[in-house]
file final-v1.csv (CSV, C-alpha atoms)
chain,number,residue,atom,x,y,z
A,214,MET,CA,204.5,186.2,279.0
A,215,PRO,CA,201.8,184.4,276.9
A,216,ARG,CA,198.3,185.6,277.6
A,217,LEU,CA,195.7,183.1,278.8
A,218,ILE,CA,192.9,182.6,276.3
A,219,GLN,CA,189.6,181.4,277.7
A,220,PRO,CA,186.8,180.0,275.6
A,221,LEU,CA,183.6,181.9,275.3
A,222,ASP,CA,181.2,181.1,278.1
A,223,THR,CA,178.2,179.9,276.0
A,224,GLY,CA,177.3,176.9,277.9
A,225,ASP,CA,178.5,174.8,274.9
A,226,PRO,CA,182.0,173.3,275.3
A,227,LEU,CA,182.3,173.3,271.5
A,228,GLY,CA,181.6,177.0,271.0
A,229,PRO,CA,183.2,179.3,268.4
A,230,LEU,CA,186.9,180.0,268.5
A,231,PRO,CA,187.9,183.4,269.9
A,232,GLN,CA,189.4,185.8,267.3
A,233,GLU,CA,192.7,186.0,269.3
A,234,PHE,CA,193.3,182.4,268.4
A,235,ALA,CA,194.1,183.4,264.8
A,236,ALA,CA,196.9,185.8,265.9
A,237,ILE,CA,198.5,183.0,267.9
A,238,MET,CA,198.3,180.4,265.0
A,239,ARG,CA,199.3,182.6,262.1
A,240,PRO,CA,203.1,182.7,263.0
A,241,GLU,CA,203.0,178.9,263.1
A,242,LEU,CA,201.8,178.6,259.5
A,243,PRO,CA,205.2,178.5,257.6
A,244,SER,CA,206.7,175.7,259.7
A,245,LEU,CA,203.3,173.9,260.0
A,246,ILE,CA,203.0,173.8,256.2
A,247,LYS,CA,206.5,172.2,255.9
A,248,GLU,CA,205.6,169.7,258.6
A,249,ILE,CA,202.4,168.7,256.9
A,250,GLY,CA,204.2,168.4,253.6
A,251,MET,CA,206.7,166.0,255.1
A,252,GLU,CA,204.1,163.9,256.8
A,253,VAL,CA,201.8,163.7,253.7
A,254,THR,CA,204.6,162.8,251.3
A,255,ARG,CA,205.8,160.1,253.7
A,256,ALA,CA,202.4,158.6,253.9
A,257,TYR,CA,201.5,159.1,250.3
A,258,PRO,CA,204.6,158.8,248.1
A,259,GLU,CA,202.7,159.7,245.0
A,260,TYR,CA,202.4,163.2,246.3
A,261,ALA,CA,206.2,163.4,246.8
A,262,ARG,CA,206.6,162.9,243.1
A,263,LEU,CA,204.0,165.6,242.3
A,264,LEU,CA,205.5,168.2,244.7
A,265,ASN,CA,208.9,167.7,242.9
A,266,GLY,CA,207.2,167.9,239.5
A,267,PRO,CA,206.0,170.8,237.3
A,268,ASN,CA,202.9,171.2,239.4
A,269,GLY,CA,204.7,171.3,242.8
A,270,THR,CA,204.5,175.1,243.2
A,271,SER,CA,200.8,175.1,242.5
A,272,ILE,CA,200.2,172.3,245.0
A,273,ARG,CA,202.2,174.1,247.7
A,274,MET,CA,200.2,177.3,247.1
A,275,GLY,CA,197.0,175.3,247.5
A,276,VAL,CA,198.1,173.9,250.8
A,277,GLU,CA,199.1,177.3,252.0
A,278,GLN,CA,195.8,178.8,250.8
A,279,SER,CA,193.8,176.2,252.7
A,280,LEU,CA,195.6,176.7,256.0
A,281,SER,CA,195.7,180.5,255.7
A,282,SER,CA,192.0,180.5,254.9
A,283,PHE,CA,191.3,178.6,258.1
A,284,VAL,CA,193.1,181.2,260.2
A,285,ASP,CA,191.5,184.0,258.3
A,286,LEU,CA,188.0,182.6,259.0
A,287,VAL,CA,188.8,182.4,262.7
A,288,ALA,CA,190.0,186.1,262.7
A,289,GLU,CA,187.0,187.1,260.6
A,290,PRO,CA,184.2,184.6,259.9
A,291,SER,CA,183.0,186.6,256.8
A,292,SER,CA,186.4,186.3,255.1
A,293,PRO,CA,186.1,185.4,251.4
A,294,THR,CA,187.1,181.9,250.4
A,295,VAL,CA,187.0,182.1,246.6
A,296,LEU,CA,190.7,181.3,246.1
A,297,ARG,CA,190.6,178.4,248.6
A,298,ASP,CA,187.5,177.0,247.0
A,299,ASP,CA,189.0,177.2,243.5
A,300,MET,CA,192.2,175.5,244.7
A,301,CYS,CA,190.3,172.6,246.4
A,302,ARG,CA,188.3,172.0,243.3
A,303,ARG,CA,191.5,172.0,241.3
A,304,PHE,CA,192.9,169.3,243.6
A,305,GLY,CA,189.8,167.2,243.0
A,306,ARG,CA,190.0,167.7,239.2
A,307,PHE,CA,193.7,166.8,239.3
A,308,GLU,CA,193.0,163.5,241.1
A,309,ALA,CA,190.4,162.6,238.5
A,310,TYR,CA,192.8,163.5,235.6
A,311,GLU,CA,195.4,161.3,237.2
A,312,GLY,CA,192.9,158.4,237.3
A,313,ARG,CA,193.0,158.0,241.1
A,314,THR,CA,190.1,157.8,243.5
A,315,MET,CA,189.5,160.5,246.2
A,316,ASP,CA,190.9,158.2,248.9
A,317,ALA,CA,194.5,159.5,248.8
A,318,LEU,CA,193.4,163.2,248.8
A,319,GLN,CA,190.9,162.7,251.6
A,320,GLY,CA,193.6,160.9,253.6
A,321,ALA,CA,196.1,163.7,253.0
A,322,TYR,CA,193.5,166.3,254.2
A,323,ARG,CA,192.8,164.3,257.4
A,324,LEU,CA,196.5,163.7,258.0
A,325,GLY,CA,197.1,167.4,257.7
A,326,ALA,CA,194.4,168.1,260.2
A,327,ARG,CA,196.0,165.7,262.7
A,328,VAL,CA,199.4,167.4,262.3
A,329,ALA,CA,197.7,170.8,262.8
A,330,LEU,CA,195.9,169.5,265.9
A,331,ARG,CA,199.2,168.2,267.3
A,332,ARG,CA,200.8,171.6,266.7
A,333,ALA,CA,197.9,173.4,268.4
A,334,LYS,CA,198.2,171.2,271.4
A,335,LYS,CA,201.9,172.1,271.6
A,336,VAL,CA,201.2,175.8,271.3
A,337,GLY,CA,198.3,175.4,273.7
A,338,ARG,CA,200.5,174.3,276.5
A,339,SER,CA,202.5,177.5,276.2
A,340,TYR,CA,199.4,179.6,276.3
A,341,ASN,CA,197.5,177.5,278.9
A,342,PHE,CA,194.7,176.8,276.5
A,343,SER,CA,191.7,175.3,278.3
A,344,PRO,CA,190.4,171.8,277.4
A,345,ALA,CA,187.2,173.4,276.2
A,346,LEU,CA,189.1,175.6,273.8
A,347,MET,CA,191.1,172.7,272.4
A,348,LEU,CA,187.8,170.8,271.9
A,349,SER,CA,186.4,173.7,270.0
A,350,PHE,CA,189.5,174.0,267.9
A,351,ALA,CA,189.4,170.2,267.0
A,352,ASP,CA,185.7,170.4,266.2
A,353,ALA,CA,186.2,173.5,263.9
A,354,LEU,CA,189.3,172.0,262.3
A,355,PHE,CA,187.7,168.7,261.3
A,356,ALA,CA,184.5,170.5,260.1
A,357,TYR,CA,186.8,172.7,258.0
A,358,VAL,CA,188.5,169.6,256.5
A,359,ASP,CA,185.0,168.2,255.7
A,360,GLU,CA,184.4,171.4,253.7
A,361,LEU,CA,187.7,171.1,251.9
A,362,GLU,CA,186.9,167.5,250.9
A,363,SER,CA,183.5,168.5,249.7
A,364,LEU,CA,184.9,171.2,247.5
A,365,SER,CA,187.5,168.8,246.1
A,366,ARG,CA,184.8,166.2,245.4
A,367,GLU,CA,182.9,168.8,243.4
A,368,GLY,CA,186.0,169.2,241.1
A,369,TYR,CA,186.5,165.4,241.0
A,370,LEU,CA,182.9,164.7,240.0
A,371,GLU,CA,183.0,167.5,237.4
A,372,VAL,CA,185.8,165.8,235.5
A,373,GLN,CA,184.2,162.4,235.9
A,374,ALA,CA,181.0,163.6,234.5
A,375,GLN,CA,182.8,165.2,231.5
A,376,SER,CA,184.8,162.0,231.0
A,377,ASP,CA,181.7,159.9,231.2
A,378,GLN,CA,179.9,162.0,228.6
A,379,GLN,CA,182.9,161.9,226.3
A,380,SER,CA,183.2,158.2,226.7
A,381,GLU,CA,179.5,157.6,226.1
A,382,ALA,CA,179.7,159.8,222.9
A,383,VAL,CA,182.6,157.7,221.7
A,384,ARG,CA,180.8,154.4,222.5
A,385,ARG,CA,177.7,155.6,220.6
A,386,ARG,CA,180.0,156.5,217.6
A,387,LEU,CA,181.4,153.0,217.9
A,388,LEU,CA,178.0,151.4,217.9
A,389,HIS,CA,177.0,153.4,214.8
A,390,LEU,CA,180.1,152.4,212.9
A,391,ILE,CA,179.5,148.7,213.8
A,392,LEU,CA,175.9,148.9,212.6
A,393,ALA,CA,177.0,150.7,209.4
A,394,GLY,CA,178.9,147.6,208.3
A,395,ARG,CA,181.1,147.8,205.3
A,396,PRO,CA,182.8,149.9,203.8
A,397,VAL,CA,183.7,151.4,207.2
A,398,PRO,CA,187.4,150.7,207.6
A,399,ARG,CA,188.2,148.4,210.5
A,400,SER,CA,190.9,150.7,211.5
A,401,ALA,CA,188.3,153.3,212.5
A,402,ILE,CA,186.5,150.8,214.7
A,403,ALA,CA,189.8,149.7,216.2
A,404,GLU,CA,190.7,153.2,217.1
A,405,LEU,CA,187.4,153.8,218.9
A,406,CYS,CA,187.8,150.5,220.7
A,407,GLU,CA,191.2,151.7,221.9
A,408,GLN,CA,189.8,155.0,223.1
A,409,THR,CA,187.0,153.4,225.1
A,410,GLY,CA,188.8,150.2,226.3
A,411,TRP,CA,186.1,148.2,224.6
A,412,THR,CA,187.1,144.8,223.1
A,413,LEU,CA,185.6,144.1,219.7
A,414,PRO,CA,183.8,140.7,220.0
A,415,GLU,CA,183.7,138.0,217.4
A,416,THR,CA,179.9,137.8,217.7
A,417,VAL,CA,177.2,140.2,218.8
A,418,THR,CA,173.5,140.2,219.6
A,419,LEU,CA,171.5,143.3,218.9
A,420,VAL,CA,168.4,144.3,220.9
A,421,ALA,CA,165.7,146.6,219.5
A,422,VAL,CA,163.7,148.6,222.0
A,423,ARG,CA,160.2,149.9,221.4
A,424,ALA,CA,160.3,153.7,221.7
A,425,PRO,CA,159.7,155.5,224.0
A,426,ALA,CA,160.5,152.8,226.5
A,427,GLY,CA,162.7,154.1,229.3
A,428,LEU,CA,166.3,152.8,229.2
A,429,ASP,CA,168.3,152.7,232.5
A,430,ARG,CA,171.9,153.0,231.2
A,431,ILE,CA,173.3,152.4,234.7
A,432,SER,CA,171.7,149.0,234.9
A,433,ALA,CA,173.2,147.8,231.6
A,434,ASP,CA,176.4,145.7,231.7
A,435,HIS,CA,179.4,147.9,231.1
A,436,ASP,CA,180.4,146.0,227.9
A,437,VAL,CA,177.0,146.7,226.4
A,438,LEU,CA,176.9,149.5,223.8
A,439,ILE,CA,173.7,151.5,224.0
A,440,ASP,CA,172.1,154.5,222.3
A,441,PRO,CA,169.1,155.6,224.3
A,442,GLY,CA,168.7,158.8,222.4
A,443,ASP,CA,168.1,157.2,219.0
A,444,PRO,CA,164.5,157.4,217.6
A,445,GLN,CA,164.8,153.6,217.5
A,446,PRO,CA,166.7,152.8,220.7
A,447,HIS,CA,168.9,149.8,220.6
A,448,LEU,CA,171.6,147.9,222.5
A,449,LEU,CA,174.6,145.8,221.3
A,450,VAL,CA,175.4,142.8,223.5
A,451,PRO,CA,178.8,141.2,223.0
A,452,GLY,CA,178.4,137.5,222.3
A,453,ALA,CA,175.3,135.4,222.8
A,454,PHE,CA,172.2,136.3,224.7
A,455,SER,CA,172.5,134.4,227.9
A,456,GLU,CA,170.2,134.1,230.9
A,457,ALA,CA,172.4,136.6,232.7
A,458,ARG,CA,171.9,139.1,229.8
A,459,ARG,CA,168.2,138.5,230.0
A,460,GLU,CA,168.2,139.5,233.6
A,461,MET,CA,170.3,142.6,232.8
A,462,LEU,CA,167.8,143.5,230.1
A,463,ALA,CA,164.9,143.3,232.5
A,464,ARG,CA,166.7,145.8,234.7
A,465,THR,CA,167.7,148.1,231.8
A,466,ILE,CA,164.3,148.2,230.3
A,467,PRO,CA,162.0,147.8,233.3
A,468,GLY,CA,158.9,148.5,231.2
A,469,GLY,CA,159.7,145.7,228.7
A,470,GLY,CA,159.2,146.1,225.0
A,471,ALA,CA,162.4,144.6,223.5
A,472,ALA,CA,163.1,142.2,220.7
A,473,VAL,CA,166.4,140.3,220.7
A,474,GLY,CA,168.0,139.7,217.3
A,475,LEU,CA,170.0,136.7,216.3
A,476,THR,CA,173.6,136.3,217.5
A,477,VAL,CA,175.7,136.9,214.4
A,478,PRO,CA,179.3,137.7,213.5
A,479,THR,CA,180.0,141.3,214.4
A,480,ALA,CA,180.2,142.3,210.7
A,481,LEU,CA,176.5,141.2,210.4
A,482,ALA,CA,175.3,143.4,213.3
A,483,ALA,CA,173.1,145.4,211.0
A,484,ASP,CA,171.1,142.3,210.1
A,485,SER,CA,170.6,141.4,213.7
A,486,ILE,CA,169.1,144.8,214.5
A,487,ARG,CA,167.0,144.7,211.3
A,488,TRP,CA,165.4,141.4,212.3
A,489,ALA,CA,164.8,142.6,215.8
A,490,ARG,CA,163.1,145.8,214.6
A,491,ARG,CA,161.0,143.8,212.2
A,492,VAL,CA,159.8,141.6,215.1
A,493,LEU,CA,158.6,144.7,216.9
A,494,GLU,CA,156.7,145.8,213.8
A,495,LEU,CA,155.0,142.4,213.7
A,496,VAL,CA,154.1,142.6,217.4
A,497,ASP,CA,152.6,146.0,216.8
A,498,ALA,CA,150.7,144.6,213.9
A,499,GLY,CA,149.3,141.7,216.0
A,500,VAL,CA,151.1,139.0,214.0
A,501,ILE,CA,153.4,138.0,216.9
A,502,ASP,CA,152.2,137.9,220.5
A,503,ASP,CA,153.6,140.6,222.7
A,504,ALA,CA,155.9,139.9,225.7
A,505,PRO,CA,158.5,142.0,227.7
A,506,VAL,CA,161.3,140.3,225.8
A,507,ILE,CA,160.8,138.6,222.4
A,508,LEU,CA,163.5,136.4,220.8
A,509,CYS,CA,163.8,136.6,217.0
A,510,GLU,CA,164.9,133.0,217.0
A,511,ASP,CA,161.4,132.0,218.0
A,512,HIS,CA,159.9,133.6,214.9
A,513,LEU,CA,162.3,132.9,212.1
A,514,ILE,CA,159.8,131.4,209.7
A,515,THR,CA,157.4,134.3,210.3
A,516,LEU,CA,160.2,136.8,209.6
A,517,TRP,CA,161.1,135.0,206.4
A,518,LEU,CA,157.6,134.6,205.1
A,519,LEU,CA,156.7,138.3,205.8
A,520,SER,CA,160.1,139.7,204.8
A,521,ASP,CA,158.9,141.2,201.5
A,522,PRO,CA,155.2,142.1,201.3
A,523,VAL,CA,155.3,143.1,197.6
A,524,LEU,CA,157.0,139.9,196.7
A,525,LEU,CA,154.4,137.9,198.7
A,526,ASP,CA,151.6,139.6,196.6
A,527,GLN,CA,153.3,138.5,193.4
A,528,LEU,CA,153.8,134.9,194.7
A,529,ALA,CA,150.2,134.7,195.9
A,530,GLU,CA,148.9,135.9,192.5
A,531,ARG,CA,151.0,133.2,190.7
A,532,GLU,CA,150.3,130.3,193.1
A,533,LEU,CA,146.6,131.0,193.5
A,534,ALA,CA,146.0,131.8,189.8
A,535,PRO,CA,144.0,128.6,189.2
A,536,VAL,CA,141.2,129.8,191.6
A,537,SER,CA,141.3,133.4,190.5
A,538,GLY,CA,138.2,133.1,188.3
A,539,ILE,CA,136.1,131.4,191.0
A,540,SER,CA,133.5,133.2,193.1
A,541,THR,CA,134.8,134.7,196.2
A,542,THR,CA,132.9,132.5,198.7
A,543,ARG,CA,133.8,129.3,196.9
A,544,ARG,CA,137.4,130.4,196.4
A,545,GLU,CA,137.8,131.1,200.1
A,546,ARG,CA,136.4,127.7,201.1
A,547,LEU,CA,138.7,125.9,198.7
A,548,ILE,CA,141.8,127.8,199.8
A,549,GLU,CA,141.1,127.1,203.4
A,550,THR,CA,140.6,123.4,202.7
A,551,LEU,CA,143.8,123.4,200.7
A,552,ARG,CA,145.7,125.1,203.6
A,553,ILE,CA,144.4,122.6,206.1
A,554,TRP,CA,145.4,119.7,203.8
A,555,LEU,CA,148.9,121.1,203.3
A,556,ASP,CA,149.3,121.7,207.0
A,557,THR,CA,148.0,118.3,208.2
A,558,ARG,CA,147.9,115.8,205.4
A,559,GLY,CA,145.0,114.5,207.4
A,560,THR,CA,142.1,112.2,206.5
A,561,ALA,CA,138.7,113.6,205.4
A,562,ALA,CA,137.4,113.0,208.9
A,563,GLN,CA,140.3,114.8,210.6
A,564,MET,CA,140.1,117.8,208.2
A,565,GLY,CA,136.3,117.9,208.6
A,566,GLU,CA,136.7,118.5,212.3
A,567,LEU,CA,139.1,121.3,211.7
A,568,LEU,CA,136.9,122.9,209.1
A,569,ASP,CA,133.7,122.1,210.9
A,570,VAL,CA,132.2,120.4,207.8
A,571,HIS,CA,131.1,116.8,206.9
A,572,PRO,CA,133.9,114.5,205.7
A,573,GLN,CA,132.0,114.1,202.5
A,574,THR,CA,132.2,117.8,201.9
A,575,VAL,CA,136.0,117.6,202.4
A,576,ARG,CA,136.3,114.8,199.8
A,577,TYR,CA,134.3,116.9,197.4
A,578,ARG,CA,136.5,119.9,197.9
A,579,MET,CA,139.6,117.9,197.6
A,580,ARG,CA,138.5,116.5,194.2
A,581,SER,CA,137.8,120.0,193.0
A,582,LEU,CA,141.2,121.2,194.2
A,583,GLU,CA,143.0,118.3,192.4
A,584,ALA,CA,141.1,119.1,189.2
A,585,ILE,CA,141.8,122.9,189.5
A,586,PHE,CA,145.5,122.8,190.5
A,587,GLY,CA,146.5,119.5,188.9
A,588,GLU,CA,150.3,118.9,189.0
A,589,GLN,CA,150.8,121.9,191.3
A,590,LEU,CA,149.6,119.7,194.2
A,591,THR,CA,151.7,116.7,193.2
A,592,ASP,CA,155.0,118.3,192.3
A,593,PRO,CA,157.1,118.8,195.5
A,594,GLU,CA,158.5,122.2,194.6
A,595,SER,CA,155.2,123.6,193.4
A,596,ARG,CA,153.4,122.3,196.5
A,597,PHE,CA,156.0,123.8,198.8
A,598,SER,CA,155.6,127.2,197.1
A,599,THR,CA,151.8,127.1,197.5
A,600,GLU,CA,152.1,126.1,201.1
A,601,ALA,CA,154.5,128.9,201.9
A,602,VAL,CA,152.2,131.5,200.2
A,603,LEU,CA,149.2,130.2,202.2
A,604,ARG,CA,151.0,130.3,205.5
A,605,ALA,CA,152.3,133.8,204.8
A,606,LEU,CA,148.8,135.0,203.8
A,607,ARG,CA,147.4,133.6,207.0
A,608,LEU,CA,150.0,135.4,209.1
A,609,ARG,CA,149.4,138.6,207.3
A,610,ALA,CA,145.6,138.3,207.7
A,611,ARG,CA,146.3,137.9,211.5
A,612,GLY,CA,147.8,141.4,211.3
A,613,GLY,CA,144.9,142.9,209.4
A,614,GLN,CA,145.5,146.0,207.4
A,615,ALA,CA,148.8,146.8,209.2
A,616,LEU,CA,150.8,144.5,206.9
A,617,SER,CA,148.9,145.0,203.7

call {"tool": "encode", "arguments": {"input": "final-v1.csv", "output": "structure tokens"}}
result
Amino acid sequence: MPRLIQPLDTGDPLGPLPQEFAAIMRPELPSLIKEIGMEVTRAYPEYARLLNGPNGTSIRMGVEQSLSSFVDLVAEPSSPTVLRDDMCRRFGRFEAYEGRTMDALQGAYRLGARVALRRAKKVGRSYNFSPALMLSFADALFAYVDELESLSREGYLEVQAQSDQQSEAVRRRLLHLILAGRPVPRSAIAELCEQTGWTLPETVTLVAVRAPAGLDRISADHDVLIDPGDPQPHLLVPGAFSEARREMLARTIPGGGAAVGLTVPTALAADSIRWARRVLELVDAGVIDDAPVILCEDHLITLWLLSDPVLLDQLAERELAPVSGISTTRRERLIETLRIWLDTRGTAAQMGELLDVHPQTVRYRMRSLEAIFGEQLTDPESRFSTEAVLRALRLRARGGQALS
């Protein structure tokens, strides 16, 4: 006749299970495993396919190990769980490899717990289990299931982390190939696009980031390619730089310090990042005012005029040759007056206000300039060259020695 098992009298209705409970449940394991398998495959058809596949034996062994381990722990709380832990992590890794979430596996664990609890109630009636003992069993069972889920999640997250790292490495490689431009074969880029699921856009906008600004990769849009580890950090934004992208950039680079290149055909991505990095250089030199986000399109003339410092020196030497033999002080006054005239085409009175001199002084200087430069001030092409040089020199002077 079945022996009555009483719960321990600890004053807590959810106390530990008595060791005798294990001896009663162990003979139930073979049929319980079959019952759980039937219920789980009915609720989750994907697992029916797996149980009938090449991994079916391993999955059944994992289920058996999980149930046996529970009974072993009831019999001896210090029982080792190494095999069980390994199998649970394998289950989690398998879900990740299959491209599923943890939802199905968690559901299967909980469904198995409900089937086990139903069996325990049936057995309990034969052994006259007290309500307190059944409560203790249910509490221990579902705490055990939480532990199994936690172990499986470890395996799942391990695979996800490896996958994310591999994906990020491929995306960085893709970014480098795009910026390398020709002669990189398009087939190589297409292959990396296929591996990452990234669609090659027709146009892109590159963003240069001032190192060592912190980059929050998680805040970046998923389609943005980013290389935070580069000595010159940068991002590739598919398409144009919209207001939504600006908001994304503010989240991704919370400290600011970014220059947005021009939107260009993808084949010209290297030019976009080159211009963006040049803007940061001009900001650091004091030529362009600093801001959290600076658009290259707002400074195109400055970029053009200061694109080749050595060439600018050569142009300045040629265009300003007529005043090279004049004393420094007089030369500077004449050049400043010429710059104001080219900028404004104003009257002597207007120019005098800007130069802080008498209009008559302006007229005198202008007569001197006309005599010195001659046709250089009347010929449109020559006048344009002189104006461009003077503007570039003024911009460079704003940056001091940093651009010289």

call {"tool": "atom_distance", "arguments": {"input": "final-v1.csv", "atom1": "atom CA of A:Leu608", "atom2": "atom CA of A:Thr515"}}
result
7.6 Å

call {"tool": "atom_distance", "arguments": {"input": "final-v1.csv", "atom1": "atom CA of A:Gly538", "atom2": "atom CA of A:Arg578"}}
result
16.4 Å

call {"tool": "closest_residue", "arguments": {"input": "final-v1.csv", "among": "A:Arg297, A:Pro572, A:Pro535, A:Ile402", "to": "A:Leu590", "atoms": "only C-alpha atoms"}}
result
A:Pro535

call {"tool": "residues_near_point", "arguments": {"input": "final-v1.csv", "point": "(136.8, 120.1, 196.1)", "cutoff": "12 Å", "atoms": "only C-alpha atoms", "output": "JSON, numbers by chain"}}
result
{"A": [536, 543, 544, 545, 546, 547, 548, 549, 550, 551, 554, 561, 572, 573, 574, 575, 576, 577, 578, 579, 580, 581, 582, 583, 584, 585, 586]}

call {"tool": "closest_residue", "arguments": {"input": "final-v1.csv", "among": "A:Glu566, A:Asp440, A:Glu510, A:Glu494", "to": "A:Gly474", "atoms": "only C-alpha atoms"}}
result
A:Glu510

call {"tool": "atom_distance", "arguments": {"input": "final-v1.csv", "atom1": "atom CA of A:Ala421", "atom2": "atom CA of A:Ser380"}}
result
22.2 Å

call {"tool": "closest_residue", "arguments": {"input": "final-v1.csv", "among": "A:Glu252, A:Asp298, A:Gly410, A:Gly499", "to": "A:Gly612", "atoms": "only C-alpha atoms"}}
result
A:Gly499

call {"tool": "residues_around", "arguments": {"input": "final-v1.csv", "residues": "A:Ile501", "least_positions_apart": "6", "cutoff": "12 Å", "atoms": "all atoms listed in the file", "output": "PyMOL selection string"}}
result
chain A and resi 472+491-495+507-509+511-516+519+608-609+611-612

call {"tool": "write_last_selection", "arguments": {"input": "final-v1.csv", "atoms": "C-alpha atoms", "output": "compact mmCIF listing (two decimals), in the coordinates of the input"}}
result
# COMPACT_ATOMS: atom_id res chain seq x y z
CA ALA A 472 163.10 142.20 220.70
CA ARG A 491 161.00 143.80 212.20
CA VAL A 492 159.80 141.60 215.10
CA LEU A 493 158.60 144.70 216.90
CA GLU A 494 156.70 145.80 213.80
CA LEU A 495 155.00 142.40 213.70
CA ILE A 507 160.80 138.60 222.40
CA LEU A 508 163.50 136.40 220.80
CA CYS A 509 163.80 136.60 217.00
CA ASP A 511 161.40 132.00 218.00
CA HIS A 512 159.90 133.60 214.90
CA LEU A 513 162.30 132.90 212.10
CA ILE A 514 159.80 131.40 209.70
CA THR A 515 157.40 134.30 210.30
CA LEU A 516 160.20 136.80 209.60
CA LEU A 519 156.70 138.30 205.80
CA LEU A 608 150.00 135.40 209.10
CA ARG A 609 149.40 138.60 207.30
CA ARG A 611 146.30 137.90 211.50
CA GLY A 612 147.80 141.40 211.30

call {"tool": "closest_residue", "arguments": {"input": "final-v1.csv", "among": "A:Asp484, A:Asp429, A:Asp569, A:Glu460", "to": "A:Pro505", "atoms": "all atoms listed in the file"}}
result
A:Glu460

call {"tool": "closest_residue", "arguments": {"input": "final-v1.csv", "among": "A:Val506, A:Leu449, A:Ala333, A:Ala498", "to": "A:Ile466", "atoms": "all atoms listed in the file"}}
result
A:Val506

call {"tool": "residues_around", "arguments": {"input": "final-v1.csv", "residues": "A:Thr294", "least_positions_apart": "6", "cutoff": "10 Å", "atoms": "only C-alpha atoms", "output": "list in words"}}
result
Gln278, Ser279, Ser282, Phe283, Asp285, Leu286 and Met300 of chain A

call {"tool": "residues_around", "arguments": {"input": "final-v1.csv", "residues": "A:Arg366", "least_positions_apart": "5", "cutoff": "12 Å", "atoms": "all atoms listed in the file", "output": "mmCIF file with C-alpha atoms, in the frame of the given file"}}
result
data_model
loop_
_atom_site.group_PDB
_atom_site.id
_atom_site.type_symbol
_atom_site.label_atom_id
_atom_site.label_comp_id
_atom_site.auth_asym_id
_atom_site.auth_seq_id
_atom_site.Cartn_x
_atom_site.Cartn_y
_atom_site.Cartn_z
ATOM 1 C CA ASP A 298 187.500 177.000 247.000
ATOM 2 C CA ASP A 299 189.000 177.200 243.500
ATOM 3 C CA MET A 300 192.200 175.500 244.700
ATOM 4 C CA CYS A 301 190.300 172.600 246.400
ATOM 5 C CA ARG A 302 188.300 172.000 243.300
ATOM 6 C CA ARG A 303 191.500 172.000 241.300
ATOM 7 C CA PHE A 304 192.900 169.300 243.600
ATOM 8 C CA GLY A 305 189.800 167.200 243.000
ATOM 9 C CA ARG A 306 190.000 167.700 239.200
ATOM 10 C CA PHE A 307 193.700 166.800 239.300
ATOM 11 C CA GLU A 308 193.000 163.500 241.100
ATOM 12 C CA ALA A 309 190.400 162.600 238.500
ATOM 13 C CA THR A 314 190.100 157.800 243.500
ATOM 14 C CA MET A 315 189.500 160.500 246.200
ATOM 15 C CA ASP A 316 190.900 158.200 248.900
ATOM 16 C CA LEU A 318 193.400 163.200 248.800
ATOM 17 C CA GLN A 319 190.900 162.700 251.600
ATOM 18 C CA ASP A 359 185.000 168.200 255.700
ATOM 19 C CA GLU A 360 184.400 171.400 253.700
ATOM 20 C CA LEU A 361 187.700 171.100 251.900
ATOM 21 C CA GLU A 371 183.000 167.500 237.400
ATOM 22 C CA VAL A 372 185.800 165.800 235.500
ATOM 23 C CA GLN A 373 184.200 162.400 235.900
ATOM 24 C CA ALA A 374 181.000 163.600 234.500
#

call {"tool": "residues_around", "arguments": {"input": "final-v1.csv", "residues": "A:Pro441", "least_positions_apart": "2", "cutoff": "12 Å", "atoms": "only C-alpha atoms", "output": "number ranges by chain"}}
result
A: 381-382, 384-385, 388, 420-431, 433, 438-439, 443-449, 465-466

call {"tool": "closest_residue", "arguments": {"input": "final-v1.csv", "among": "A:Trp517, A:Ala326, A:Leu568, A:Thr560", "to": "A:Ala605", "atoms": "all atoms listed in the file"}}
result
A:Trp517
